[in-house]
>>> print(open('my_file_28.csv').read())   # CSV, C-alpha atoms
chain,number,residue,atom,x,y,z
A,1,MET,CA,0.0,0.0,0.0
A,2,SER,CA,1.3,3.5,-0.9
A,3,LYS,CA,2.1,5.9,1.8
A,4,PHE,CA,0.7,8.7,-0.4
A,5,PRO,CA,-3.0,9.3,-1.0
A,6,VAL,CA,-4.5,7.9,-4.2
A,7,ALA,CA,-7.0,9.8,-6.4
A,8,TYR,CA,-8.8,9.6,-9.7
A,9,LEU,CA,-8.6,12.2,-12.5
A,10,THR,CA,-11.2,12.1,-15.3
A,11,ARG,CA,-11.4,14.3,-18.4
A,12,LYS,CA,-14.2,14.3,-20.9
A,13,GLU,CA,-14.1,15.3,-24.6
A,14,ILE,CA,-16.9,15.3,-27.1
A,15,PHE,CA,-16.2,15.1,-30.9
A,16,SER,CA,-18.2,14.7,-34.1
A,17,ALA,CA,-17.3,12.3,-36.9
A,18,CYS,CA,-19.0,10.6,-39.8
A,19,HIS,CA,-18.8,7.2,-41.4
A,20,ARG,CA,-20.6,5.0,-43.9
A,21,LEU,CA,-21.9,1.5,-43.2
A,22,HIS,CA,-21.1,-0.5,-46.3
A,23,SER,CA,-19.9,-4.0,-47.0
A,24,PRO,CA,-18.0,-4.8,-50.2
A,25,GLN,CA,-19.4,-8.4,-49.9
A,26,LEU,CA,-22.9,-7.0,-50.6
A,27,SER,CA,-24.4,-5.5,-53.7
A,28,GLU,CA,-25.4,-1.8,-53.6
A,29,GLU,CA,-29.0,-2.9,-53.2
A,30,GLU,CA,-28.2,-5.3,-50.4
A,31,ASN,CA,-26.2,-2.6,-48.6
A,32,LYS,CA,-29.1,-0.2,-48.9
A,33,GLU,CA,-31.5,-2.9,-47.6
A,34,VAL,CA,-29.3,-3.9,-44.7
A,35,TYR,CA,-27.9,-0.5,-43.6
A,36,GLY,CA,-30.7,1.8,-44.7
A,37,LYS,CA,-29.8,5.5,-44.3
A,38,CYS,CA,-26.5,4.6,-42.7
A,39,ASN,CA,-25.4,3.4,-46.2
A,40,ASN,CA,-25.6,7.0,-47.5
A,41,VAL,CA,-22.7,7.5,-49.9
A,42,ASN,CA,-21.8,10.7,-48.1
A,43,GLY,CA,-21.9,9.0,-44.7
A,44,HIS,CA,-23.8,9.9,-41.6
A,45,GLY,CA,-22.6,11.6,-38.4
A,46,HIS,CA,-22.4,10.9,-34.7
A,47,ASN,CA,-21.3,12.8,-31.6
A,48,TYR,CA,-19.0,10.7,-29.5
A,49,VAL,CA,-18.2,11.2,-25.8
A,50,VAL,CA,-14.8,10.0,-24.6
A,51,GLU,CA,-13.8,9.9,-20.9
A,52,VAL,CA,-10.3,9.1,-19.8
A,53,THR,CA,-9.8,8.3,-16.1
A,54,LEU,CA,-6.4,8.1,-14.5
A,55,HIS,CA,-5.8,6.5,-11.1
A,56,GLY,CA,-2.6,7.1,-9.2
A,57,THR,CA,-0.9,8.4,-6.1
A,58,ILE,CA,-1.0,12.1,-5.5
A,59,ASP,CA,2.4,13.7,-6.0
A,60,PRO,CA,3.2,15.4,-2.7
A,61,SER,CA,5.1,18.3,-4.4
A,62,THR,CA,2.3,19.1,-6.9
A,63,GLY,CA,-0.8,17.8,-5.2
A,64,MET,CA,-1.9,16.2,-8.5
A,65,VAL,CA,-2.0,12.7,-10.0
A,66,MET,CA,-1.3,14.4,-13.3
A,67,ASN,CA,-1.5,18.0,-14.6
A,68,ILE,CA,-5.0,18.2,-16.2
A,69,ASN,CA,-3.6,20.5,-18.9
A,70,ASP,CA,-1.1,17.8,-19.9
A,71,LEU,CA,-3.9,15.2,-20.0
A,72,LYS,CA,-5.8,17.7,-22.3
A,73,LYS,CA,-2.8,17.9,-24.6
A,74,TYR,CA,-2.5,14.1,-24.8
A,75,MET,CA,-6.2,13.6,-25.5
A,76,ASN,CA,-6.0,16.3,-28.1
A,77,ASN,CA,-3.1,14.5,-29.9
A,78,ALA,CA,-4.6,11.0,-29.6
A,79,ILE,CA,-8.3,11.7,-30.1
A,80,MET,CA,-9.4,15.2,-31.1
A,81,GLU,CA,-6.9,16.0,-33.9
A,82,PRO,CA,-7.2,12.6,-35.7
A,83,LEU,CA,-11.0,12.1,-35.2
A,84,ASP,CA,-12.9,15.4,-34.7
A,85,HIS,CA,-14.9,16.4,-37.7
A,86,LYS,CA,-13.4,13.7,-39.8
A,87,ASN,CA,-14.8,11.0,-42.1
A,88,LEU,CA,-13.7,7.9,-40.3
A,89,ASP,CA,-13.7,5.8,-43.4
A,90,LYS,CA,-11.7,8.2,-45.5
A,91,ASP,CA,-9.6,10.4,-43.2
A,92,VAL,CA,-8.5,8.0,-40.5
A,93,PRO,CA,-6.0,5.3,-41.6
A,94,TYR,CA,-6.8,3.0,-38.6
A,95,PHE,CA,-10.4,2.5,-40.0
A,96,ASP,CA,-9.3,2.0,-43.7
A,97,GLY,CA,-11.0,-1.2,-44.9
A,98,THR,CA,-13.0,-1.7,-41.7
>>> encode(input="my_file_28.csv", output="structure tokens")
Amino acid sequence: MSKFPVAYLTRKEIFSACHRLHSPQLSEEENKEVYGKCNNVNGHGHNYVVEVTLHGTIDPSTGMVMNINDLKKYMNNAIMEPLDHKNLDKDVPYFDGT
């Protein structure tokens, strides 16, 4: 057990992105039947909520588990910049072919 107090730190971000539900194994008609309006060639959008929670000992010199401004920067680099207001199918390599 740690001799220092333990705390949780949570930060929430909200971002918007679009995607298209479409299977290359199906015909255009089958895709429209299965996915409906979500198969729109221009995609459809969602608002996403991401919460990141850290758990750790409180640094006695700062009184923090982590500087919340640093957490904001990390979330901006990992989540907001690559995903916010993007087409997930076309703009985000991780989802290519998914």
>>> residues_near_point(input="my_file_28.csv", point="(-13.3, 9.5, -42.3)", cutoff="12 Å", atoms="all atoms listed in the file", output="ChimeraX atom specification")
/A:16-21,42-46,82-98
>>> closest_residue(input="my_file_28.csv", among="A:Val34, A:Met66, A:Met75, A:Ile58", to="Ala7 of chain A", atoms="all atoms listed in the file")
A:Ile58
>>> closest_residue(input="my_file_28.csv", among="A:Tyr8, A:His22, A:Thr53, A:Phe15", to="Lys37 of chain A", atoms="only C-alpha atoms")
A:His22
>>> closest_residue(input="my_file_28.csv", among="A:Thr57, A:Glu30, A:Asn47, A:Asn76", to="Phe4 of chain A", atoms="only C-alpha atoms")
A:Thr57
>>> atom_distance(input="my_file_28.csv", atom1="atom CA of Lys12 of chain A", atom2="atom CA of Glu51 of chain A")
4.4 Å
>>> residues_around(input="my_file_28.csv", residues="Asp70 of chain A", least_positions_apart="6", cutoff="12 Å", atoms="all atoms listed in the file", output="ChimeraX atom specification")
/A:9,11,64,76-77
>>> atom_distance(input="my_file_28.csv", atom1="atom CA of Asn67 of chain A", atom2="atom CA of Tyr48 of chain A")
24.1 Å
>>> atom_distance(input="my_file_28.csv", atom1="atom CA of Ile14 of chain A", atom2="atom CA of Ile79 of chain A")
9.8 Å
>>> closest_residue(input="my_file_28.csv", among="A:Ala78, A:Cys38, A:Val6, A:Ile68", to="His55 of chain A", atoms="only C-alpha atoms")
A:Val6
>>> closest_residue(input="my_file_28.csv", among="A:Ser27, A:Met80, A:Glu13, A:Lys3", to="Val52 of chain A", atoms="only C-alpha atoms")
A:Glu13
>>> build_atoms(input="my_file_28.csv", residues="segment 73-84 of chain A", atoms="all heavy atoms", output="compact mmCIF listing (two decimals), keeping the file's coordinate frame")
# COMPACT_ATOMS: atom_id res chain seq x y z
N LYS A 73 -3.71 17.92 -23.47
CA LYS A 73 -2.80 17.90 -24.60
C LYS A 73 -2.74 16.46 -25.21
O LYS A 73 -2.80 16.26 -26.42
CB LYS A 73 -1.44 18.39 -24.28
CG LYS A 73 -1.36 19.87 -24.02
CD LYS A 73 0.04 20.26 -23.57
CE LYS A 73 0.06 21.63 -22.94
NZ LYS A 73 1.36 21.94 -22.34
N TYR A 74 -2.57 15.46 -24.31
CA TYR A 74 -2.50 14.10 -24.80
C TYR A 74 -3.76 13.63 -25.46
O TYR A 74 -3.72 12.97 -26.50
CB TYR A 74 -2.16 13.14 -23.59
CG TYR A 74 -0.84 13.38 -22.94
CD1 TYR A 74 -0.70 13.30 -21.56
CD2 TYR A 74 0.31 13.70 -23.68
CE1 TYR A 74 0.53 13.53 -20.94
CE2 TYR A 74 1.53 13.93 -23.07
CZ TYR A 74 1.63 13.84 -21.70
OH TYR A 74 2.83 14.06 -21.09
N MET A 75 -4.91 13.99 -24.88
CA MET A 75 -6.20 13.60 -25.50
C MET A 75 -6.39 14.34 -26.82
O MET A 75 -6.94 13.78 -27.76
CB MET A 75 -7.35 13.89 -24.53
CG MET A 75 -7.36 12.95 -23.33
SD MET A 75 -8.66 13.31 -22.15
CE MET A 75 -10.11 12.78 -23.08
N ASN A 76 -5.93 15.58 -26.89
CA ASN A 76 -6.00 16.30 -28.10
C ASN A 76 -5.22 15.64 -29.24
O ASN A 76 -5.70 15.46 -30.36
CB ASN A 76 -5.57 17.76 -27.94
CG ASN A 76 -5.86 18.61 -29.15
OD1 ASN A 76 -7.01 18.71 -29.57
ND2 ASN A 76 -4.84 19.24 -29.70
N ASN A 77 -4.00 15.22 -28.90
CA ASN A 77 -3.10 14.50 -29.90
C ASN A 77 -3.66 13.17 -30.28
O ASN A 77 -3.59 12.79 -31.45
CB ASN A 77 -1.72 14.41 -29.35
CG ASN A 77 -1.00 15.74 -29.27
OD1 ASN A 77 -1.34 16.69 -29.95
ND2 ASN A 77 -0.01 15.81 -28.40
N ALA A 78 -4.17 12.42 -29.32
CA ALA A 78 -4.60 11.00 -29.60
C ALA A 78 -6.01 10.89 -30.08
O ALA A 78 -6.31 9.94 -30.80
CB ALA A 78 -4.43 10.21 -28.29
N ILE A 79 -6.89 11.85 -29.74
CA ILE A 79 -8.30 11.70 -30.10
C ILE A 79 -8.84 12.83 -30.93
O ILE A 79 -9.37 12.61 -32.03
CB ILE A 79 -9.14 11.60 -28.77
CG1 ILE A 79 -8.72 10.40 -27.94
CG2 ILE A 79 -10.64 11.54 -29.08
CD1 ILE A 79 -9.19 10.42 -26.50
N MET A 80 -8.72 14.05 -30.42
CA MET A 80 -9.40 15.20 -31.10
C MET A 80 -8.81 15.49 -32.47
O MET A 80 -9.56 15.59 -33.44
CB MET A 80 -9.35 16.42 -30.19
CG MET A 80 -10.01 16.22 -28.83
SD MET A 80 -11.72 15.64 -28.93
CE MET A 80 -12.52 17.12 -29.53
N GLU A 81 -7.50 15.63 -32.56
CA GLU A 81 -6.90 16.00 -33.90
C GLU A 81 -7.17 14.90 -34.92
O GLU A 81 -7.56 15.23 -36.04
CB GLU A 81 -5.42 16.27 -33.72
CG GLU A 81 -5.15 17.60 -33.06
CD GLU A 81 -3.67 17.91 -32.93
OE1 GLU A 81 -2.84 17.26 -33.60
OE2 GLU A 81 -3.35 18.82 -32.15
N PRO A 82 -6.98 13.61 -34.61
CA PRO A 82 -7.20 12.60 -35.70
C PRO A 82 -8.66 12.31 -35.97
O PRO A 82 -8.96 11.82 -37.05
CB PRO A 82 -6.48 11.37 -35.15
CG PRO A 82 -6.23 11.57 -33.71
CD PRO A 82 -6.32 13.04 -33.43
N LEU A 83 -9.60 12.59 -35.03
CA LEU A 83 -11.00 12.10 -35.20
C LEU A 83 -12.03 13.21 -35.35
O LEU A 83 -13.04 13.00 -36.03
CB LEU A 83 -11.36 11.20 -34.07
CG LEU A 83 -10.51 9.95 -33.87
CD1 LEU A 83 -10.96 9.19 -32.64
CD2 LEU A 83 -10.53 9.07 -35.10
N ASP A 84 -11.85 14.36 -34.71
CA ASP A 84 -12.90 15.40 -34.70
C ASP A 84 -13.17 15.95 -36.07
O ASP A 84 -12.25 16.38 -36.76
CB ASP A 84 -12.56 16.47 -33.70
CG ASP A 84 -13.74 17.39 -33.40
OD1 ASP A 84 -14.90 16.92 -33.44
OD2 ASP A 84 -13.51 18.58 -33.11
